[in-house]
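Below is one structure, written out as structure tokens, with a few remarks after it.
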Amino acid sequence: MKKSLIVFIPVLLQFALFICPASAHPGTGIVVDKNGNVYFIHTGVGVAKISIDGSISYIHKEEGGHWLCLDEQGIFAKAQPKYFKRITPGGVIPAIIYAGGGSPIAINDGNLYYCGGQHRDLNPGAKTLVRETPRKQQTILWPDLEDTLDKLGDGITGIAAGANGTLYLACWNALIKVTLEGEVKTIVHPVSVIDCDEDPADHREANRGMPLLRGIAVDSGGMVYAAATSCHCLLRISPGGKVKTILKSERPWTPTGVAIYKDDIYVLEYTNANGPATEGWFPRVRKIDKTGKVMMVADLSRKH
């Protein structure tokens, strides 16, 4: 496994066929800094930090929010994005950006990229990609992307950055790659998960048959790791579109987010993530090392 280049943040789907309000799903945001500290969304509480000694603390308290972005270069260390919130003190690098909508991601060209709405809407959504500068100047990119999504009958549910500024987009039933030159390529559609433990999002029969890729991460070789929330598993998807399950979660747990740190994969899982909050949303974080061994990093369900 190769080291990832950029840390990502997923985005909740908001498109015509499957309109999911922000309260409909628990958090997906998980990032790891260069020292190995893990940060993740604890829905209903805030942003938790797992220090390298295993201790857990909270760096931000807020009930809402789904996503995190680790701004490793400090692009927004002294600025605030228009729609999102930098939760680290001004000037601190790396900066951490917190979002209740859209999908912010800091990459190496000095800009922030997030998902916009339909018909060139700059507000956070699931149909387009928007570039934002530290001065809050926003530009819609890749106009062909919305047409591609419409043809697939899909919307963006997660975003990660790979080599040379390439962006990878997770969808309910697809994985798409876009380059800074404007090429839009569907890597795989539909996403066939042979050993899927099917659990339709929101318990809706209309959502059956879609794995619902949410959090994704990509390594320097272009291998994508995707939380298939409605299949209770973590997938590895090759650049050629080959899909393989590398982790299965026992019910009621299911992966919602993923991050890569050196040779390790960190997986954020929640209980009852395909149902309402009344069923009980509690997080845990597990780690898969380079040998494939799975280890528990933190289990916050034990505190309840």
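Chain labels run A, B, ... following the order of the structure tokens; each chain numbers its residues from 1, and ligands are numbered from 1 in the order shown.
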
(request) Please provide as a list in words all residues within 10 Å of Ala170 in chain A, with the sequence filter that same-chain residues fewer than 4 positions apart are discarded (counting only C-alpha atoms). (result) Pro10, Val11, Leu13, Asp154, Gly155, Ile156, Thr157, Gly158, Ile159, Ala160, Ala174, Leu175, Ile176, Lys177, Leu212, Leu213, Arg214, Gly215, Ile216, Ala217, Val224, Ala226, Ala227 and Ala228 of chain A

(message) Need to verify the contact set: range 135-143 of chain A, 10 Å, only C-alpha atoms, exclusion of same-chain residues closer than 3 positions in sequence. Can you return it as number ranges by chain?
(response) A: 76, 79-83, 111-116, 119-122, 127-132, 146-148, 178-184

What does the file look like for those residues with C-alpha atoms, as a PDB file, in the first residue's frame?
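Listed below is the output, result05.pdb:
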```pdb
ATOM      1  CA  PHE A  76      -6.759  28.557   5.036  1.00  0.00           C
ATOM      2  CA  ALA A  79      -8.737  32.575   6.384  1.00  0.00           C
ATOM      3  CA  GLN A  80     -12.256  31.215   6.710  1.00  0.00           C
ATOM      4  CA  PRO A  81     -14.001  29.488   3.787  1.00  0.00           C
ATOM      5  CA  LYS A  82     -17.322  30.992   2.766  1.00  0.00           C
ATOM      6  CA  TYR A  83     -19.544  28.048   3.667  1.00  0.00           C
ATOM      7  CA  ASN A 111      -7.255  26.483  -3.313  1.00  0.00           C
ATOM      8  CA  LEU A 112     -10.149  24.678  -1.674  1.00  0.00           C
ATOM      9  CA  TYR A 113     -12.426  22.409  -3.690  1.00  0.00           C
ATOM     10  CA  TYR A 114     -15.980  21.487  -2.677  1.00  0.00           C
ATOM     11  CA  CYS A 115     -19.179  20.143  -4.231  1.00  0.00           C
ATOM     12  CA  GLY A 116     -21.747  22.639  -5.496  1.00  0.00           C
ATOM     13  CA  HIS A 119     -27.263  24.166 -12.529  1.00  0.00           C
ATOM     14  CA  ARG A 120     -24.020  25.904 -11.490  1.00  0.00           C
ATOM     15  CA  ASP A 121     -25.246  26.671  -7.994  1.00  0.00           C
ATOM     16  CA  LEU A 122     -22.287  27.674  -5.808  1.00  0.00           C
ATOM     17  CA  LYS A 127     -23.730  17.923  -8.621  1.00  0.00           C
ATOM     18  CA  THR A 128     -20.738  20.122  -9.453  1.00  0.00           C
ATOM     19  CA  LEU A 129     -17.240  20.991  -8.260  1.00  0.00           C
ATOM     20  CA  VAL A 130     -16.320  24.473  -7.080  1.00  0.00           C
ATOM     21  CA  ARG A 131     -12.859  25.966  -6.575  1.00  0.00           C
ATOM     22  CA  GLU A 132     -12.537  28.551  -3.803  1.00  0.00           C
ATOM     23  CA  GLU A 146     -23.201  17.437 -14.033  1.00  0.00           C
ATOM     24  CA  ASP A 147     -24.205  15.880 -17.367  1.00  0.00           C
ATOM     25  CA  THR A 148     -22.241  12.738 -16.501  1.00  0.00           C
ATOM     26  CA  VAL A 178     -11.773  14.231 -12.793  1.00  0.00           C
ATOM     27  CA  THR A 179      -8.469  15.881 -13.687  1.00  0.00           C
ATOM     28  CA  LEU A 180      -7.446  19.514 -13.447  1.00  0.00           C
ATOM     29  CA  GLU A 181      -7.378  19.495 -17.260  1.00  0.00           C
ATOM     30  CA  GLY A 182     -11.129  18.835 -17.279  1.00  0.00           C
ATOM     31  CA  GLU A 183     -11.296  15.128 -18.157  1.00  0.00           C
ATOM     32  CA  VAL A 184     -14.230  13.333 -16.509  1.00  0.00           C
TER      33      VAL A 184
END
```

(request) Determine, counting only C-alpha atoms, which protein, DNA and RNA residues have an atom within 10 Å of an atom of Pro200 in chain A; residues of the same chain fewer than 3 positions away are not included. Present the result as a PyMOL selection string. (result) chain A and resi 197+203-212+229-231+274-275

(message) Using Å and a single decimal, report how far CA of Gly54 in chain A sits from CA of Phe282 in chain A.
(response)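 We find that CA of Phe282 in chain A and CA of Gly54 in chain A lie 18.2 Å from each other.
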
(request) Run DSSP on the backbone of this structure and report the residues of range 30-270 of chain A it assigns to alpha helix (DSSP H), as a list in words. (result) Asp144, Leu145, Glu146, Asp147, Thr148, Leu149, Asp150, Lys151 and Leu152 of chain A

Kindly save the residues from that selection, with N, CA and C atoms included, as a tab-separated table (two decimals), in the first residue's frame.
```
chain	number	residue	atom	x	y	z
A	144	ASP	N	-18.96	19.47	-17.70
A	144	ASP	CA	-19.48	18.18	-18.17
A	144	ASP	C	-19.81	17.24	-17.02
A	145	LEU	N	-19.34	17.54	-15.82
A	145	LEU	CA	-19.56	16.63	-14.70
A	145	LEU	C	-21.03	16.45	-14.38
A	146	GLU	N	-21.78	17.55	-14.36
A	146	GLU	CA	-23.20	17.44	-14.03
A	146	GLU	C	-23.93	16.58	-15.06
A	147	ASP	N	-23.58	16.72	-16.33
A	147	ASP	CA	-24.21	15.88	-17.37
A	147	ASP	C	-23.88	14.41	-17.14
A	148	THR	N	-22.63	14.12	-16.78
A	148	THR	CA	-22.24	12.74	-16.50
A	148	THR	C	-23.05	12.16	-15.35
A	149	LEU	N	-23.19	12.94	-14.29
A	149	LEU	CA	-23.95	12.47	-13.13
A	149	LEU	C	-25.42	12.27	-13.47
A	150	ASP	N	-25.98	13.17	-14.28
A	150	ASP	CA	-27.38	13.03	-14.68
A	150	ASP	C	-27.59	11.75	-15.49
A	151	LYS	N	-26.64	11.44	-16.38
A	151	LYS	CA	-26.77	10.23	-17.18
A	151	LYS	C	-26.68	8.98	-16.32
A	152	LEU	N	-25.90	9.05	-15.24
A	152	LEU	CA	-25.78	7.92	-14.33
A	152	LEU	C	-26.94	7.86	-13.34
```

(request) Select, from A:Tyr266, A:Asp109, A:His189, A:Gly292, the residue with the minimum atom-to-atom distance to Asn37 in chain A, counting only C-alpha atoms. (result)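 Ranked by minimum distance to Asn37 in chain A, first place goes to A:Tyr266.
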
(message) Quick one: residues within 8 Å of range 237-239 of chain A, only C-alpha atoms, excluding same-chain residues fewer than 3 positions away - as a VMD selection string?
(response) chain A and resid 187 222 to 226 242 to 244

(request) Tell me, in Å to one decimal, how far CA of Leu268 in chain A is from CA of Val47 in chain A. (result)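 Interatomic distance here is 12.7 Å.
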
Which parts of range 109-284 of chain A does DSSP call strand (DSSP E) when run on the backbone here, written out as a PDB file with N, CA and C atoms, in the first residue's frame?
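states_28.pdb was written with the following content:
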```pdb
ATOM      1  N   LEU A 112      -9.250  25.637  -2.300  1.00  0.00           N
ATOM      2  CA  LEU A 112     -10.149  24.678  -1.674  1.00  0.00           C
ATOM      3  C   LEU A 112     -11.149  24.220  -2.729  1.00  0.00           C
ATOM      4  N   TYR A 113     -11.431  22.946  -2.760  1.00  0.00           N
ATOM      5  CA  TYR A 113     -12.426  22.409  -3.690  1.00  0.00           C
ATOM      6  C   TYR A 113     -13.566  21.796  -2.898  1.00  0.00           C
ATOM      7  N   TYR A 114     -14.818  22.091  -3.323  1.00  0.00           N
ATOM      8  CA  TYR A 114     -15.980  21.487  -2.677  1.00  0.00           C
ATOM      9  C   TYR A 114     -17.049  21.212  -3.724  1.00  0.00           C
ATOM     10  N   CYS A 115     -18.096  20.509  -3.314  1.00  0.00           N
ATOM     11  CA  CYS A 115     -19.179  20.143  -4.231  1.00  0.00           C
ATOM     12  C   CYS A 115     -20.282  21.185  -4.197  1.00  0.00           C
ATOM     13  N   GLY A 116     -20.661  21.677  -5.376  1.00  0.00           N
ATOM     14  CA  GLY A 116     -21.747  22.639  -5.496  1.00  0.00           C
ATOM     15  C   GLY A 116     -23.040  21.972  -5.913  1.00  0.00           C
ATOM     16  N   THR A 128     -21.823  19.433  -8.758  1.00  0.00           N
ATOM     17  CA  THR A 128     -20.738  20.122  -9.453  1.00  0.00           C
ATOM     18  C   THR A 128     -19.525  20.220  -8.530  1.00  0.00           C
ATOM     19  N   LEU A 129     -18.421  20.720  -9.072  1.00  0.00           N
ATOM     20  CA  LEU A 129     -17.240  20.991  -8.260  1.00  0.00           C
ATOM     21  C   LEU A 129     -16.913  22.474  -8.337  1.00  0.00           C
ATOM     22  N   VAL A 130     -16.603  23.045  -7.184  1.00  0.00           N
ATOM     23  CA  VAL A 130     -16.320  24.473  -7.080  1.00  0.00           C
ATOM     24  C   VAL A 130     -14.914  24.663  -6.507  1.00  0.00           C
ATOM     25  N   ARG A 131     -14.169  25.584  -7.109  1.00  0.00           N
ATOM     26  CA  ARG A 131     -12.859  25.966  -6.575  1.00  0.00           C
ATOM     27  C   ARG A 131     -13.005  27.281  -5.827  1.00  0.00           C
ATOM     28  N   GLU A 132     -12.476  27.332  -4.609  1.00  0.00           N
ATOM     29  CA  GLU A 132     -12.537  28.551  -3.803  1.00  0.00           C
ATOM     30  C   GLU A 132     -11.131  28.955  -3.372  1.00  0.00           C
ATOM     31  N   GLN A 138     -14.932  32.147  -5.997  1.00  0.00           N
ATOM     32  CA  GLN A 138     -15.421  30.810  -6.321  1.00  0.00           C
ATOM     33  C   GLN A 138     -15.643  30.650  -7.820  1.00  0.00           C
ATOM     34  N   THR A 139     -15.308  29.467  -8.327  1.00  0.00           N
ATOM     35  CA  THR A 139     -15.455  29.172  -9.748  1.00  0.00           C
ATOM     36  C   THR A 139     -15.981  27.761  -9.925  1.00  0.00           C
ATOM     37  N   ILE A 140     -17.029  27.607 -10.749  1.00  0.00           N
ATOM     38  CA  ILE A 140     -17.527  26.277 -11.106  1.00  0.00           C
ATOM     39  C   ILE A 140     -16.567  25.653 -12.116  1.00  0.00           C
ATOM     40  N   LEU A 141     -16.183  24.408 -11.888  1.00  0.00           N
ATOM     41  CA  LEU A 141     -15.270  23.704 -12.781  1.00  0.00           C
ATOM     42  C   LEU A 141     -15.952  22.501 -13.419  1.00  0.00           C
ATOM     43  N   ILE A 156     -22.937  13.180  -6.044  1.00  0.00           N
ATOM     44  CA  ILE A 156     -21.667  13.029  -5.336  1.00  0.00           C
ATOM     45  C   ILE A 156     -21.910  12.810  -3.847  1.00  0.00           C
ATOM     46  N   THR A 157     -21.275  11.798  -3.294  1.00  0.00           N
ATOM     47  CA  THR A 157     -21.393  11.488  -1.868  1.00  0.00           C
ATOM     48  C   THR A 157     -20.064  11.564  -1.142  1.00  0.00           C
ATOM     49  N   GLY A 158     -18.958  11.650  -1.875  1.00  0.00           N
ATOM     50  CA  GLY A 158     -17.651  11.736  -1.246  1.00  0.00           C
ATOM     51  C   GLY A 158     -16.629  12.269  -2.222  1.00  0.00           C
ATOM     52  N   ILE A 159     -15.545  12.832  -1.711  1.00  0.00           N
ATOM     53  CA  ILE A 159     -14.518  13.401  -2.583  1.00  0.00           C
ATOM     54  C   ILE A 159     -13.147  13.213  -1.944  1.00  0.00           C
ATOM     55  N   ALA A 160     -12.166  12.876  -2.763  1.00  0.00           N
ATOM     56  CA  ALA A 160     -10.789  12.741  -2.292  1.00  0.00           C
ATOM     57  C   ALA A 160      -9.853  13.198  -3.393  1.00  0.00           C
ATOM     58  N   ALA A 161      -8.667  13.652  -3.019  1.00  0.00           N
ATOM     59  CA  ALA A 161      -7.689  14.123  -3.995  1.00  0.00           C
ATOM     60  C   ALA A 161      -6.553  13.134  -4.125  1.00  0.00           C
ATOM     61  N   LEU A 167      -9.106  14.634  -8.784  1.00  0.00           N
ATOM     62  CA  LEU A 167     -10.136  14.454  -7.766  1.00  0.00           C
ATOM     63  C   LEU A 167     -10.921  13.185  -8.054  1.00  0.00           C
ATOM     64  N   TYR A 168     -11.206  12.442  -7.011  1.00  0.00           N
ATOM     65  CA  TYR A 168     -12.010  11.226  -7.101  1.00  0.00           C
ATOM     66  C   TYR A 168     -13.334  11.476  -6.401  1.00  0.00           C
ATOM     67  N   LEU A 169     -14.421  11.115  -7.074  1.00  0.00           N
ATOM     68  CA  LEU A 169     -15.757  11.379  -6.562  1.00  0.00           C
ATOM     69  C   LEU A 169     -16.491  10.075  -6.303  1.00  0.00           C
ATOM     70  N   ALA A 170     -16.933   9.897  -5.072  1.00  0.00           N
ATOM     71  CA  ALA A 170     -17.786   8.763  -4.735  1.00  0.00           C
ATOM     72  C   ALA A 170     -19.229   9.143  -4.995  1.00  0.00           C
ATOM     73  N   CYS A 171     -20.024   8.166  -5.394  1.00  0.00           N
ATOM     74  CA  CYS A 171     -21.454   8.356  -5.628  1.00  0.00           C
ATOM     75  C   CYS A 171     -22.204   7.189  -4.977  1.00  0.00           C
ATOM     76  N   LEU A 175     -17.956   5.444  -9.096  1.00  0.00           N
ATOM     77  CA  LEU A 175     -16.733   6.143  -8.725  1.00  0.00           C
ATOM     78  C   LEU A 175     -16.241   6.869  -9.967  1.00  0.00           C
ATOM     79  N   ILE A 176     -16.023   8.183  -9.839  1.00  0.00           N
ATOM     80  CA  ILE A 176     -15.658   9.032 -10.970  1.00  0.00           C
ATOM     81  C   ILE A 176     -14.335   9.728 -10.681  1.00  0.00           C
ATOM     82  N   LYS A 177     -13.536   9.920 -11.724  1.00  0.00           N
ATOM     83  CA  LYS A 177     -12.275  10.649 -11.604  1.00  0.00           C
ATOM     84  C   LYS A 177     -12.323  11.874 -12.505  1.00  0.00           C
ATOM     85  N   VAL A 178     -11.878  13.022 -11.979  1.00  0.00           N
ATOM     86  CA  VAL A 178     -11.773  14.231 -12.793  1.00  0.00           C
ATOM     87  C   VAL A 178     -10.368  14.801 -12.636  1.00  0.00           C
ATOM     88  N   VAL A 184     -13.323  14.005 -17.442  1.00  0.00           N
ATOM     89  CA  VAL A 184     -14.230  13.333 -16.509  1.00  0.00           C
ATOM     90  C   VAL A 184     -14.325  11.870 -16.925  1.00  0.00           C
ATOM     91  N   LYS A 185     -13.933  10.964 -16.036  1.00  0.00           N
ATOM     92  CA  LYS A 185     -13.906   9.540 -16.364  1.00  0.00           C
ATOM     93  C   LYS A 185     -14.638   8.743 -15.292  1.00  0.00           C
ATOM     94  N   THR A 186     -15.564   7.886 -15.719  1.00  0.00           N
ATOM     95  CA  THR A 186     -16.235   6.983 -14.790  1.00  0.00           C
ATOM     96  C   THR A 186     -15.365   5.742 -14.621  1.00  0.00           C
ATOM     97  N   ILE A 187     -14.841   5.531 -13.429  1.00  0.00           N
ATOM     98  CA  ILE A 187     -13.978   4.376 -13.163  1.00  0.00           C
ATOM     99  C   ILE A 187     -14.803   3.103 -13.064  1.00  0.00           C
ATOM    100  N   VAL A 188     -15.932   3.169 -12.367  1.00  0.00           N
ATOM    101  CA  VAL A 188     -16.797   1.997 -12.255  1.00  0.00           C
ATOM    102  C   VAL A 188     -18.241   2.439 -12.019  1.00  0.00           C
ATOM    103  N   LEU A 213     -21.475   4.631  -1.571  1.00  0.00           N
ATOM    104  CA  LEU A 213     -20.103   4.981  -1.224  1.00  0.00           C
ATOM    105  C   LEU A 213     -20.113   6.345  -0.548  1.00  0.00           C
ATOM    106  N   ARG A 214     -19.524   6.439   0.625  1.00  0.00           N
ATOM    107  CA  ARG A 214     -19.494   7.724   1.337  1.00  0.00           C
ATOM    108  C   ARG A 214     -18.057   8.211   1.477  1.00  0.00           C
ATOM    109  N   GLY A 215     -17.424   7.959   2.605  1.00  0.00           N
ATOM    110  CA  GLY A 215     -16.045   8.385   2.747  1.00  0.00           C
ATOM    111  C   GLY A 215     -15.117   7.622   1.818  1.00  0.00           C
ATOM    112  N   ILE A 216     -14.195   8.332   1.167  1.00  0.00           N
ATOM    113  CA  ILE A 216     -13.194   7.683   0.318  1.00  0.00           C
ATOM    114  C   ILE A 216     -11.819   8.289   0.576  1.00  0.00           C
ATOM    115  N   ALA A 217     -10.787   7.493   0.288  1.00  0.00           N
ATOM    116  CA  ALA A 217      -9.400   7.953   0.331  1.00  0.00           C
ATOM    117  C   ALA A 217      -8.667   7.289  -0.819  1.00  0.00           C
ATOM    118  N   VAL A 218      -7.597   7.915  -1.277  1.00  0.00           N
ATOM    119  CA  VAL A 218      -6.855   7.369  -2.423  1.00  0.00           C
ATOM    120  C   VAL A 218      -5.364   7.411  -2.127  1.00  0.00           C
ATOM    121  N   VAL A 224      -8.283   3.319  -4.665  1.00  0.00           N
ATOM    122  CA  VAL A 224      -9.285   4.034  -3.881  1.00  0.00           C
ATOM    123  C   VAL A 224      -9.860   3.106  -2.819  1.00  0.00           C
ATOM    124  N   TYR A 225     -10.020   3.638  -1.616  1.00  0.00           N
ATOM    125  CA  TYR A 225     -10.647   2.912  -0.517  1.00  0.00           C
ATOM    126  C   TYR A 225     -11.952   3.627  -0.203  1.00  0.00           C
ATOM    127  N   ALA A 226     -13.050   2.874  -0.209  1.00  0.00           N
ATOM    128  CA  ALA A 226     -14.377   3.484  -0.111  1.00  0.00           C
ATOM    129  C   ALA A 226     -15.231   2.791   0.934  1.00  0.00           C
ATOM    130  N   ALA A 227     -15.862   3.591   1.780  1.00  0.00           N
ATOM    131  CA  ALA A 227     -16.812   3.069   2.756  1.00  0.00           C
ATOM    132  C   ALA A 227     -18.140   2.818   2.052  1.00  0.00           C
ATOM    133  N   ALA A 228     -18.485   1.549   1.872  1.00  0.00           N
ATOM    134  CA  ALA A 228     -19.768   1.179   1.258  1.00  0.00           C
ATOM    135  C   ALA A 228     -20.780   1.033   2.388  1.00  0.00           C
ATOM    136  N   CYS A 233     -19.359  -2.605   4.576  1.00  0.00           N
ATOM    137  CA  CYS A 233     -17.999  -3.043   4.261  1.00  0.00           C
ATOM    138  C   CYS A 233     -17.154  -1.897   3.723  1.00  0.00           C
ATOM    139  N   LEU A 234     -15.841  -2.132   3.700  1.00  0.00           N
ATOM    140  CA  LEU A 234     -14.890  -1.210   3.100  1.00  0.00           C
ATOM    141  C   LEU A 234     -14.375  -1.838   1.816  1.00  0.00           C
ATOM    142  N   LEU A 235     -14.387  -1.057   0.741  1.00  0.00           N
ATOM    143  CA  LEU A 235     -13.975  -1.555  -0.567  1.00  0.00           C
ATOM    144  C   LEU A 235     -12.617  -0.995  -0.973  1.00  0.00           C
ATOM    145  N   ARG A 236     -11.904  -1.781  -1.779  1.00  0.00           N
ATOM    146  CA  ARG A 236     -10.720  -1.291  -2.476  1.00  0.00           C
ATOM    147  C   ARG A 236     -11.026  -1.352  -3.965  1.00  0.00           C
ATOM    148  N   ILE A 237     -10.885  -0.209  -4.641  1.00  0.00           N
ATOM    149  CA  ILE A 237     -11.220  -0.117  -6.061  1.00  0.00           C
ATOM    150  C   ILE A 237      -9.965   0.266  -6.827  1.00  0.00           C
ATOM    151  N   VAL A 243     -13.317  -4.131  -8.073  1.00  0.00           N
ATOM    152  CA  VAL A 243     -13.826  -3.891  -6.725  1.00  0.00           C
ATOM    153  C   VAL A 243     -13.566  -5.111  -5.848  1.00  0.00           C
ATOM    154  N   LYS A 244     -13.007  -4.876  -4.659  1.00  0.00           N
ATOM    155  CA  LYS A 244     -12.751  -5.960  -3.716  1.00  0.00           C
ATOM    156  C   LYS A 244     -13.075  -5.505  -2.304  1.00  0.00           C
ATOM    157  N   THR A 245     -13.757  -6.348  -1.530  1.00  0.00           N
ATOM    158  CA  THR A 245     -14.034  -6.056  -0.129  1.00  0.00           C
ATOM    159  C   THR A 245     -12.802  -6.387   0.700  1.00  0.00           C
ATOM    160  N   ILE A 246     -12.335  -5.430   1.520  1.00  0.00           N
ATOM    161  CA  ILE A 246     -11.165  -5.689   2.365  1.00  0.00           C
ATOM    162  C   ILE A 246     -11.503  -5.658   3.852  1.00  0.00           C
ATOM    163  N   LEU A 247     -12.707  -5.225   4.206  1.00  0.00           N
ATOM    164  CA  LEU A 247     -13.138  -5.224   5.604  1.00  0.00           C
ATOM    165  C   LEU A 247     -14.649  -5.332   5.653  1.00  0.00           C
ATOM    166  N   LYS A 248     -15.156  -6.235   6.485  1.00  0.00           N
ATOM    167  CA  LYS A 248     -16.595  -6.347   6.696  1.00  0.00           C
ATOM    168  C   LYS A 248     -16.894  -5.986   8.139  1.00  0.00           C
ATOM    169  N   TRP A 253     -22.757  -2.229  13.104  1.00  0.00           N
ATOM    170  CA  TRP A 253     -21.708  -1.333  12.624  1.00  0.00           C
ATOM    171  C   TRP A 253     -21.639  -1.297  11.101  1.00  0.00           C
ATOM    172  N   THR A 254     -21.234  -0.142  10.576  1.00  0.00           N
ATOM    173  CA  THR A 254     -20.955  -0.027   9.142  1.00  0.00           C
ATOM    174  C   THR A 254     -19.969   1.116   8.910  1.00  0.00           C
ATOM    175  N   PRO A 255     -19.052   0.987   7.959  1.00  0.00           N
ATOM    176  CA  PRO A 255     -18.113   2.073   7.669  1.00  0.00           C
ATOM    177  C   PRO A 255     -18.826   3.305   7.103  1.00  0.00           C
ATOM    178  N   THR A 256     -18.371   4.477   7.538  1.00  0.00           N
ATOM    179  CA  THR A 256     -18.863   5.734   6.969  1.00  0.00           C
ATOM    180  C   THR A 256     -17.728   6.601   6.436  1.00  0.00           C
ATOM    181  N   GLY A 257     -16.514   6.434   6.964  1.00  0.00           N
ATOM    182  CA  GLY A 257     -15.394   7.255   6.531  1.00  0.00           C
ATOM    183  C   GLY A 257     -14.095   6.476   6.549  1.00  0.00           C
ATOM    184  N   VAL A 258     -13.087   6.988   5.836  1.00  0.00           N
ATOM    185  CA  VAL A 258     -11.801   6.296   5.750  1.00  0.00           C
ATOM    186  C   VAL A 258     -10.685   7.308   5.517  1.00  0.00           C
ATOM    187  N   ALA A 259      -9.513   7.026   6.087  1.00  0.00           N
ATOM    188  CA  ALA A 259      -8.327   7.858   5.878  1.00  0.00           C
ATOM    189  C   ALA A 259      -7.106   6.952   5.804  1.00  0.00           C
ATOM    190  N   ILE A 260      -6.077   7.395   5.100  1.00  0.00           N
ATOM    191  CA  ILE A 260      -4.841   6.633   4.961  1.00  0.00           C
ATOM    192  C   ILE A 260      -3.701   7.399   5.623  1.00  0.00           C
ATOM    193  N   TYR A 261      -2.912   6.671   6.416  1.00  0.00           N
ATOM    194  CA  TYR A 261      -1.733   7.256   7.058  1.00  0.00           C
ATOM    195  C   TYR A 261      -0.581   6.271   6.908  1.00  0.00           C
ATOM    196  N   ASP A 264      -1.109   2.410   6.851  1.00  0.00           N
ATOM    197  CA  ASP A 264      -2.302   2.014   7.597  1.00  0.00           C
ATOM    198  C   ASP A 264      -3.560   2.678   7.044  1.00  0.00           C
ATOM    199  N   ILE A 265      -4.673   1.971   7.168  1.00  0.00           N
ATOM    200  CA  ILE A 265      -5.982   2.499   6.786  1.00  0.00           C
ATOM    201  C   ILE A 265      -6.809   2.657   8.050  1.00  0.00           C
ATOM    202  N   TYR A 266      -7.341   3.848   8.276  1.00  0.00           N
ATOM    203  CA  TYR A 266      -8.204   4.112   9.425  1.00  0.00           C
ATOM    204  C   TYR A 266      -9.648   4.176   8.939  1.00  0.00           C
ATOM    205  N   VAL A 267     -10.517   3.440   9.615  1.00  0.00           N
ATOM    206  CA  VAL A 267     -11.911   3.336   9.194  1.00  0.00           C
ATOM    207  C   VAL A 267     -12.819   3.848  10.308  1.00  0.00           C
ATOM    208  N   LEU A 268     -13.629   4.854   9.987  1.00  0.00           N
ATOM    209  CA  LEU A 268     -14.656   5.339  10.907  1.00  0.00           C
ATOM    210  C   LEU A 268     -15.923   4.542  10.666  1.00  0.00           C
ATOM    211  N   GLU A 269     -16.469   3.957  11.738  1.00  0.00           N
ATOM    212  CA  GLU A 269     -17.698   3.179  11.637  1.00  0.00           C
ATOM    213  C   GLU A 269     -18.721   3.724  12.628  1.00  0.00           C
ATOM    214  N   TYR A 270     -19.986   3.571  12.267  1.00  0.00           N
ATOM    215  CA  TYR A 270     -21.082   3.966  13.146  1.00  0.00           C
ATOM    216  C   TYR A 270     -22.076   2.828  13.285  1.00  0.00           C
ATOM    217  N   THR A 271     -22.752   2.806  14.416  1.00  0.00           N
ATOM    218  CA  THR A 271     -23.883   1.897  14.571  1.00  0.00           C
ATOM    219  C   THR A 271     -25.090   2.499  13.868  1.00  0.00           C
ATOM    220  N   PRO A 283     -19.877   5.953  17.423  1.00  0.00           N
ATOM    221  CA  PRO A 283     -18.733   5.719  16.538  1.00  0.00           C
ATOM    222  C   PRO A 283     -17.652   4.829  17.146  1.00  0.00           C
ATOM    223  N   ARG A 284     -16.895   4.234  16.252  1.00  0.00           N
ATOM    224  CA  ARG A 284     -15.639   3.595  16.627  1.00  0.00           C
ATOM    225  C   ARG A 284     -14.664   3.795  15.468  1.00  0.00           C
TER     226      ARG A 284
END
```

(request) Quick one: pull the distance between CA of Ile96 in chain A and CA of Ala77 in chain A, Å, one decimal. (result)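 That distance, rounded to one decimal, is 8.4 Å.
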